>>> print(open('data.cif').read())   # mmCIF, C-alpha atoms
data_model
loop_
_atom_site.label_atom_id
_atom_site.label_comp_id
_atom_site.auth_asym_id
_atom_site.auth_seq_id
_atom_site.Cartn_x
_atom_site.Cartn_y
_atom_site.Cartn_z
CA GLN A 1 174.17 8.50 16.73
CA LYS A 2 174.39 11.79 18.63
CA ALA A 3 176.54 14.43 16.99
CA PRO A 4 179.56 15.56 19.04
CA GLU A 5 179.39 18.98 20.63
CA ILE A 6 181.78 21.48 19.08
CA MET A 7 182.93 24.57 20.98
CA LEU A 8 183.76 27.45 18.64
CA ALA A 9 186.29 30.02 19.76
CA ARG A 10 185.58 32.32 16.82
CA PRO A 11 183.07 32.53 13.92
CA LEU A 12 183.71 30.14 11.05
CA GLY A 13 183.67 30.88 7.37
CA ARG A 14 181.35 29.35 4.79
CA ALA A 15 183.79 26.60 3.79
CA ALA A 16 184.32 25.59 7.41
CA LEU A 17 180.57 25.59 8.07
CA ARG A 18 179.98 23.20 5.15
CA ARG A 19 182.43 20.69 6.69
CA LEU A 20 180.61 20.62 10.08
CA PRO A 21 178.01 17.96 10.96
CA ASN A 22 174.35 18.93 10.64
CA ALA A 23 173.78 19.22 14.44
CA ALA A 24 176.81 21.45 14.88
CA LEU A 25 175.78 23.49 11.85
CA ARG A 26 172.33 24.12 13.35
CA THR A 27 173.97 25.12 16.65
CA THR A 28 176.34 27.51 14.87
CA GLN A 29 173.59 29.13 12.78
CA ARG A 30 171.15 29.43 15.68
CA HIS A 31 171.62 33.20 15.94
CA VAL A 32 170.80 33.67 12.25
CA SER A 33 167.74 31.42 12.07
CA ASN A 34 164.27 32.90 12.19
CA TYR A 35 161.81 31.65 14.76
CA PHE A 36 158.84 30.83 12.55
CA GLY A 37 160.29 29.68 9.24
CA ARG A 38 163.67 28.68 10.73
CA MET A 39 165.39 29.81 7.52
CA SER A 40 169.00 30.79 7.23
CA THR A 41 169.89 34.33 6.25
CA PRO A 42 170.31 34.94 2.51
CA TRP A 43 173.55 35.91 0.82
CA ASN A 44 173.91 39.57 -0.16
CA PRO A 45 174.82 39.95 -3.86
CA GLY A 46 173.80 43.64 -3.82
CA ILE A 47 170.24 43.15 -5.06
CA VAL A 48 167.75 41.11 -3.02
CA VAL A 49 164.05 40.38 -3.33
CA VAL A 50 162.15 40.23 -0.05
CA PRO A 51 159.07 37.95 -0.27
CA GLN A 52 155.65 39.05 0.89
CA GLN A 53 154.94 38.69 4.65
CA MET A 54 158.67 38.54 5.39
CA ALA A 55 160.91 40.92 7.32
CA TRP A 56 164.67 40.97 6.86
CA VAL A 57 166.81 42.67 9.49
CA VAL A 58 169.91 44.32 7.94
CA GLU A 59 173.10 45.15 9.83
CA THR A 60 175.89 47.41 8.68
CA PHE A 61 179.30 46.38 10.03
CA GLY A 62 177.53 44.35 12.72
CA ARG A 63 175.23 47.18 13.82
CA TYR A 64 171.47 47.35 13.21
CA ASP A 65 170.63 49.41 10.16
CA LYS A 66 167.05 48.76 8.96
CA VAL A 67 164.28 46.25 8.28
CA LEU A 68 163.68 45.45 4.63
CA GLU A 69 160.07 45.39 3.47
CA PRO A 70 158.77 43.08 0.68
CA GLY A 71 159.94 43.93 -2.82
CA LEU A 72 163.16 44.66 -4.69
CA ARG A 73 165.85 46.08 -2.37
CA PHE A 74 169.47 47.15 -2.84
CA LEU A 75 172.26 46.41 -0.35
CA ILE A 76 175.98 47.11 -0.27
CA PRO A 77 177.90 43.83 -0.52
CA LEU A 78 180.41 43.04 2.23
CA VAL A 79 179.23 46.09 4.17
CA GLN A 80 175.59 45.21 4.80
CA ARG A 81 174.26 41.76 5.50
CA VAL A 82 170.89 40.23 6.37
CA SER A 83 171.30 39.06 9.96
CA TYR A 84 167.77 37.89 10.79
CA VAL A 85 164.81 36.71 8.73
CA PHE A 86 161.33 36.63 10.22
CA SER A 87 157.99 35.52 8.88
CA LEU A 88 155.09 37.84 9.70
CA LYS A 89 152.51 35.09 9.29
CA GLU A 90 150.59 33.60 12.18
CA GLU A 91 152.23 30.42 13.42
CA ALA A 92 151.01 27.58 15.64
CA ILE A 93 153.40 26.35 18.34
CA SER A 94 152.80 23.11 20.17
CA VAL A 95 153.36 23.64 23.90
CA PRO A 96 154.81 20.40 25.35
CA SER A 97 152.90 18.47 27.96
CA GLN A 98 153.70 19.43 31.54
CA THR A 99 152.52 18.71 35.05
CA ALA A 100 150.62 21.34 37.02
CA ILE A 101 148.96 21.34 40.44
CA THR A 102 145.46 22.73 40.85
CA ARG A 103 144.17 24.71 43.80
CA ASP A 104 142.78 21.55 45.44
CA ASN A 105 146.21 19.85 45.18
CA VAL A 106 145.49 17.60 42.19
CA SER A 107 148.37 16.95 39.79
CA VAL A 108 147.31 17.06 36.13
CA SER A 109 149.16 16.74 32.85
CA ILE A 110 148.25 19.46 30.36
CA ASP A 111 149.41 20.63 26.94
CA GLY A 112 148.18 23.13 24.41
CA VAL A 113 148.67 25.04 21.17
CA LEU A 114 149.91 28.63 21.04
CA PHE A 115 149.16 30.90 18.06
CA VAL A 116 151.64 33.78 17.75
CA LYS A 117 153.07 36.14 15.14
CA VAL A 118 155.93 38.60 14.87
CA THR A 119 154.77 42.22 15.01
CA ASP A 120 158.16 43.95 15.39
CA ALA A 121 161.14 42.38 13.64
CA TYR A 122 163.65 44.64 15.45
CA ARG A 123 162.48 43.57 18.91
CA ALA A 124 162.21 39.93 17.83
CA ALA A 125 165.83 40.03 16.67
CA TYR A 126 167.39 41.93 19.57
CA GLY A 127 164.89 41.62 22.41
CA VAL A 128 165.43 37.95 23.20
CA GLU A 129 168.02 35.36 22.25
CA ASP A 130 165.66 32.55 21.28
CA PRO A 131 162.04 33.67 20.77
CA HIS A 132 160.83 30.11 20.25
CA PHE A 133 162.23 28.83 23.51
CA ALA A 134 161.26 32.00 25.40
CA VAL A 135 157.59 32.09 24.37
CA THR A 136 157.20 28.34 24.95
CA GLN A 137 158.64 28.59 28.44
CA LEU A 138 156.49 31.63 29.15
CA ALA A 139 153.37 29.75 28.02
CA GLN A 140 154.23 26.78 30.25
CA THR A 141 154.93 28.86 33.35
CA THR A 142 151.83 31.00 32.80
CA MET A 143 149.71 27.90 32.33
CA ARG A 144 150.98 26.40 35.59
CA SER A 145 150.32 29.67 37.40
CA GLU A 146 146.75 29.98 36.09
CA ILE A 147 145.93 26.33 36.82
CA GLY A 148 147.12 26.76 40.39
CA LYS A 149 144.40 29.39 40.93
CA ILE A 150 141.42 27.13 40.19
CA THR A 151 140.16 23.71 41.25
CA LEU A 152 140.02 20.63 39.07
CA ASP A 153 136.26 20.83 38.49
CA ARG A 154 136.43 24.49 37.52
CA MET A 155 139.34 23.81 35.19
CA PHE A 156 137.14 21.57 33.02
CA GLU A 157 134.26 24.06 33.17
CA GLU A 158 136.22 27.29 32.55
CA ARG A 159 138.67 26.34 29.82
CA GLU A 160 137.73 29.42 27.78
CA VAL A 161 138.41 31.75 30.70
CA LEU A 162 141.70 29.94 31.34
CA ASN A 163 142.75 30.41 27.70
CA VAL A 164 141.97 34.14 27.81
CA ASN A 165 143.96 34.62 31.02
CA ILE A 166 146.98 32.79 29.58
CA VAL A 167 146.92 34.94 26.40
CA SER A 168 146.75 38.15 28.46
CA SER A 169 149.68 37.11 30.64
CA ILE A 170 151.83 36.10 27.65
CA ASN A 171 151.14 39.36 25.77
CA ALA A 172 152.03 41.41 28.84
CA ALA A 173 155.41 39.67 29.15
CA ALA A 174 156.24 39.28 25.42
CA ALA A 175 155.58 42.89 24.42
CA ASP A 176 159.34 43.67 24.45
CA TRP A 177 160.07 40.68 22.22
CA GLY A 178 158.07 41.91 19.23
CA ILE A 179 155.80 38.88 19.46
CA GLN A 180 152.03 38.91 19.91
CA CYS A 181 150.05 35.95 21.21
CA LEU A 182 146.76 35.80 19.34
CA ARG A 183 145.17 32.88 21.16
CA TYR A 184 145.95 29.82 23.23
CA GLU A 185 144.00 26.57 23.19
CA ILE A 186 144.27 23.83 25.80
CA ARG A 187 144.53 20.57 23.91
CA ASP A 188 144.50 17.80 26.52
CA ILE A 189 143.96 17.72 30.28
CA THR A 190 144.98 14.38 31.79
CA PRO A 191 144.38 13.88 35.52
CA PRO A 192 145.98 10.97 37.42
CA ARG A 193 144.55 7.48 37.02
CA ALA A 194 142.99 7.48 40.51
CA ILE A 195 141.31 10.83 39.85
CA ARG A 196 140.01 9.58 36.50
CA ALA A 197 138.56 6.50 38.20
CA ALA A 198 136.91 8.69 40.86
CA MET A 199 135.52 11.00 38.16
CA GLU A 200 134.13 8.05 36.23
CA MET A 201 132.49 6.70 39.40
CA GLN A 202 131.06 10.14 40.11
CA ALA A 203 129.71 10.41 36.57
CA GLU A 204 128.21 6.91 36.83
CA ALA A 205 126.59 7.83 40.16
CA GLU A 206 125.17 10.98 38.62
CA ARG A 207 123.76 8.98 35.72
CA ARG A 208 122.19 6.44 38.11
CA LYS A 209 120.78 9.28 40.19
CA ARG A 210 119.20 10.89 37.13
CA ALA A 211 117.79 7.51 36.07
CA LEU A 212 116.24 6.94 39.51
CA VAL A 213 114.82 10.45 39.54
CA LEU A 214 113.33 9.94 36.10
CA ASP A 215 111.85 6.58 37.14
CA SER A 216 110.32 8.06 40.31
CA GLU A 217 108.92 10.98 38.36
CA GLY A 218 107.44 8.54 35.86
CA GLU A 219 105.80 6.50 38.62
CA LYS A 220 104.54 9.70 40.25
CA ASP A 221 103.02 10.91 37.00
CA ALA A 222 101.44 7.47 36.44
CA GLU A 223 99.86 7.45 39.93
CA ILE A 224 98.62 10.99 39.45
CA ASN A 225 97.13 10.08 36.09
CA ILE A 226 95.40 6.98 37.55
CA ALA A 227 94.02 8.95 40.52
CA THR A 228 92.86 11.73 38.23
CA GLY A 229 91.16 9.18 35.99
CA LYS A 230 89.34 7.57 38.92
CA LYS A 231 88.29 10.99 40.23
CA MET A 232 86.95 12.04 36.86
CA SER A 233 85.16 8.70 36.50
CA ARG A 234 83.42 9.08 39.86
CA ILE A 235 82.51 12.68 39.15
CA LEU A 236 80.99 11.71 35.83
CA ALA A 237 79.12 8.77 37.44
CA SER A 238 77.70 11.00 40.18
CA GLU A 239 76.70 13.62 37.65
CA ALA A 240 75.02 10.94 35.59
CA SER A 241 73.15 9.61 38.67
CA MET A 242 72.10 13.12 39.64
CA GLN A 243 70.86 13.82 36.16
CA GLU A 244 68.99 10.52 36.18
CA ARG A 245 67.24 11.41 39.46
CA ILE A 246 66.42 14.86 38.17
CA ASN A 247 64.92 13.39 35.05
CA LEU A 248 62.92 10.86 37.12
CA GLY A 249 61.66 13.62 39.42
CA LYS A 250 60.67 15.74 36.49
CA GLY A 251 58.83 12.77 35.02
CA ASP A 252 56.96 12.05 38.30
CA ALA A 253 56.08 15.75 38.65
CA ALA A 254 54.77 15.86 35.12
CA ALA A 255 52.72 12.72 35.75
CA VAL A 256 51.24 14.14 38.97
CA GLU A 257 50.49 17.39 37.21
CA ALA A 258 48.78 15.63 34.34
CA HIS A 259 46.76 13.50 36.79
CA ALA A 260 45.74 16.60 38.73
CA GLN A 261 44.72 18.38 35.56
CA ALA A 262 42.66 15.37 34.49
CA THR A 263 40.99 15.21 37.91
CA ALA A 264 40.25 18.92 37.80
CA GLU A 265 38.80 18.59 34.34
CA ALA A 266 36.68 15.69 35.47
CA THR A 267 35.48 17.68 38.45
CA ARG A 268 34.54 20.58 36.22
CA LEU A 269 32.62 18.26 33.96
CA VAL A 270 30.76 16.78 36.94
CA ALA A 271 29.96 20.19 38.25
CA GLY A 272 28.67 21.19 34.84
CA ALA A 273 26.56 18.10 34.66
CA LEU A 274 25.05 18.77 38.10
CA GLY A 275 24.02 22.22 37.00
CA ALA A 276 22.35 20.98 33.87
CA ARG A 277 18.76 19.79 33.61
CA ASP A 278 18.16 16.36 35.16
CA GLY A 279 21.77 16.41 36.36
CA HIS A 280 20.91 15.35 39.92
CA ALA A 281 18.97 12.36 38.66
CA ALA A 282 21.79 11.28 36.41
CA THR A 283 24.22 11.66 39.25
CA SER A 284 22.11 9.62 41.58
CA LEU A 285 21.98 6.87 39.02
CA ARG A 286 25.72 7.10 38.32
CA LEU A 287 26.92 6.92 41.90
CA PRO A 288 25.12 3.64 42.83
CA GLY A 289 26.57 2.14 39.64
CA ARG A 290 30.11 3.03 40.75
CA ASP A 291 29.45 1.54 44.17
CA VAL A 292 28.31 -1.67 42.59
CA GLU A 293 31.46 -1.75 40.42
CA GLY A 294 33.49 -1.14 43.54
CA LEU A 295 31.87 -4.09 45.28
CA LYS A 296 32.55 -6.22 42.25
CA GLY A 297 36.12 -5.21 42.22
#
>>> encode(input="data.cif", output="structure tokens")
Amino acid sequence: QKAPEIMLARPLGRAALRRLPNAALRTTQRHVSNYFGRMSTPWNPGIVVVPQQMAWVVETFGRYDKVLEPGLRFLIPLVQRVSYVFSLKEEAISVPSQTAITRDNVSVSIDGVLFVKVTDAYRAAYGVEDPHFAVTQLAQTTMRSEIGKITLDRMFEEREVLNVNIVSSINAAAADWGIQCLRYEIRDITPPRAIRAAMEMQAEAERRKRALVLDSEGEKDAEINIATGKKMSRILASEASMQERINLGKGDAAAVEAHAQATAEATRLVAGALGARDGHAATSLRLPGRDVEGLKG
């Protein structure tokens, strides 16, 4: 059940605050809640202990006095009070999902995570009414502005550049609030259903294209390998045939040479025999014998 809204004409005391519903109590104490830890301001008994990485803003009679650092500190009861409490630790803020339009007129839903910390407690307390709401709205508006400068395809490719631009824009605007944006991370980018279907079809077409290209390159390489194999086979066969003919020619030449040498040797022997004693008679007897053998053959 929703708590009823309560309009306060003047500040309430502690007893009256305890009797209010929780929702009204949070609304009443909004100006004394810190942004990061969302803790209520402590009571001033005169001696306070400020925890490490905390900053307490002290007011004297409703006017800013000082910022208490960690350690044991002394305050004047009823005169000084701790009006704001801030944590100096880095905090992660979830930026709600929102709709933005890209440069090519595509509506996308995008959300992210913002990492910030308080650097100046005085500015965080008095520079803006609600630092949480202010930095979240600034992150959303900056994100919409940066997304409107790029197309949908580039938004998926340049997420890191987009994050850096958003951080720079937030730091430039939040400098007077005592808050520093350390980094911003885009968590989800959700395009419309029709765009997602078109992107899936495009990705499927790209995969089919790469598959066809790979198949054609495989067939090309196979044909080249087969042709190269046939070429090498024919070259080797021709070289083998040439070598065979060379070897046969060398063999025939050697045989002719040997036959010529034998004939020359025989001729020298005949000539020597003709010059010897009774050589002509022996030759005359030898030649008719060869003629007779020739007739027999």
>>> resolve_selection(input="data.cif", expression="the PyMOL selection byres ((chain A and resi 162-169) around 9)", output="compact mmCIF listing (two decimals) with C-alpha atoms, keeping the file's coordinate frame")
# COMPACT_ATOMS: atom_id res chain seq x y z
CA LEU A 114 149.91 28.63 21.04
CA LEU A 138 156.49 31.63 29.15
CA ALA A 139 153.37 29.75 28.02
CA THR A 142 151.83 31.00 32.80
CA MET A 143 149.71 27.90 32.33
CA GLU A 146 146.75 29.98 36.09
CA ILE A 147 145.93 26.33 36.82
CA MET A 155 139.34 23.81 35.19
CA GLU A 158 136.22 27.29 32.55
CA ARG A 159 138.67 26.34 29.82
CA GLU A 160 137.73 29.42 27.78
CA VAL A 161 138.41 31.75 30.70
CA ILE A 170 151.83 36.10 27.65
CA ASN A 171 151.14 39.36 25.77
CA ALA A 172 152.03 41.41 28.84
CA ALA A 173 155.41 39.67 29.15
CA ALA A 174 156.24 39.28 25.42
CA CYS A 181 150.05 35.95 21.21
CA LEU A 182 146.76 35.80 19.34
CA ARG A 183 145.17 32.88 21.16
CA TYR A 184 145.95 29.82 23.23
CA GLU A 185 144.00 26.57 23.19
CA ILE A 186 144.27 23.83 25.80
>>> resolve_selection(input="data.cif", expression="the PyMOL selection byres ((chain A and resi 56-64) around 8)", output="number ranges by chain")
A: 50, 54-55, 65-69, 79-86, 121-122, 125
>>> resolve_selection(input="data.cif", expression="the PyMOL selection byres ((chain A and resi 74) around 10)", output="list in words")
Asn44, Pro45, Gly46, Ile47, Val48, Val49, Leu68, Leu72, Arg73, Leu75, Ile76, Pro77 and Gln80 of chain A
>>> atom_distance(input="data.cif", atom1="CA of Glu90 in chain A", atom2="CA of Ile179 in chain A")
10.4 Å
>>> atom_distance(input="data.cif", atom1="CA of Ala92 in chain A", atom2="CA of Phe115 in chain A")
4.5 Å
>>> residues_around(input="data.cif", residues="range 189-203 of chain A", least_positions_apart="3", cutoff="7 Å", atoms="all atoms listed in the file", output="list of chain:residue names")
A:Ser107, A:Val108, A:Ser109, A:Ile110, A:Glu206, A:Arg207
>>> closest_residue(input="data.cif", among="A:Ala237, A:Leu212, A:Ile93, A:Ala254", to="Phe133 in chain A", atoms="only C-alpha atoms")
A:Ile93
>>> atom_distance(input="data.cif", atom1="CA of Gly127 in chain A", atom2="CA of Gly178 in chain A")
7.5 Å
>>> residues_around(input="data.cif", residues="Ser145 in chain A", least_positions_apart="3", cutoff="10 Å", atoms="only C-alpha atoms", output="PyMOL selection string")
chain A and resi 100-102+139-142+148-150+166
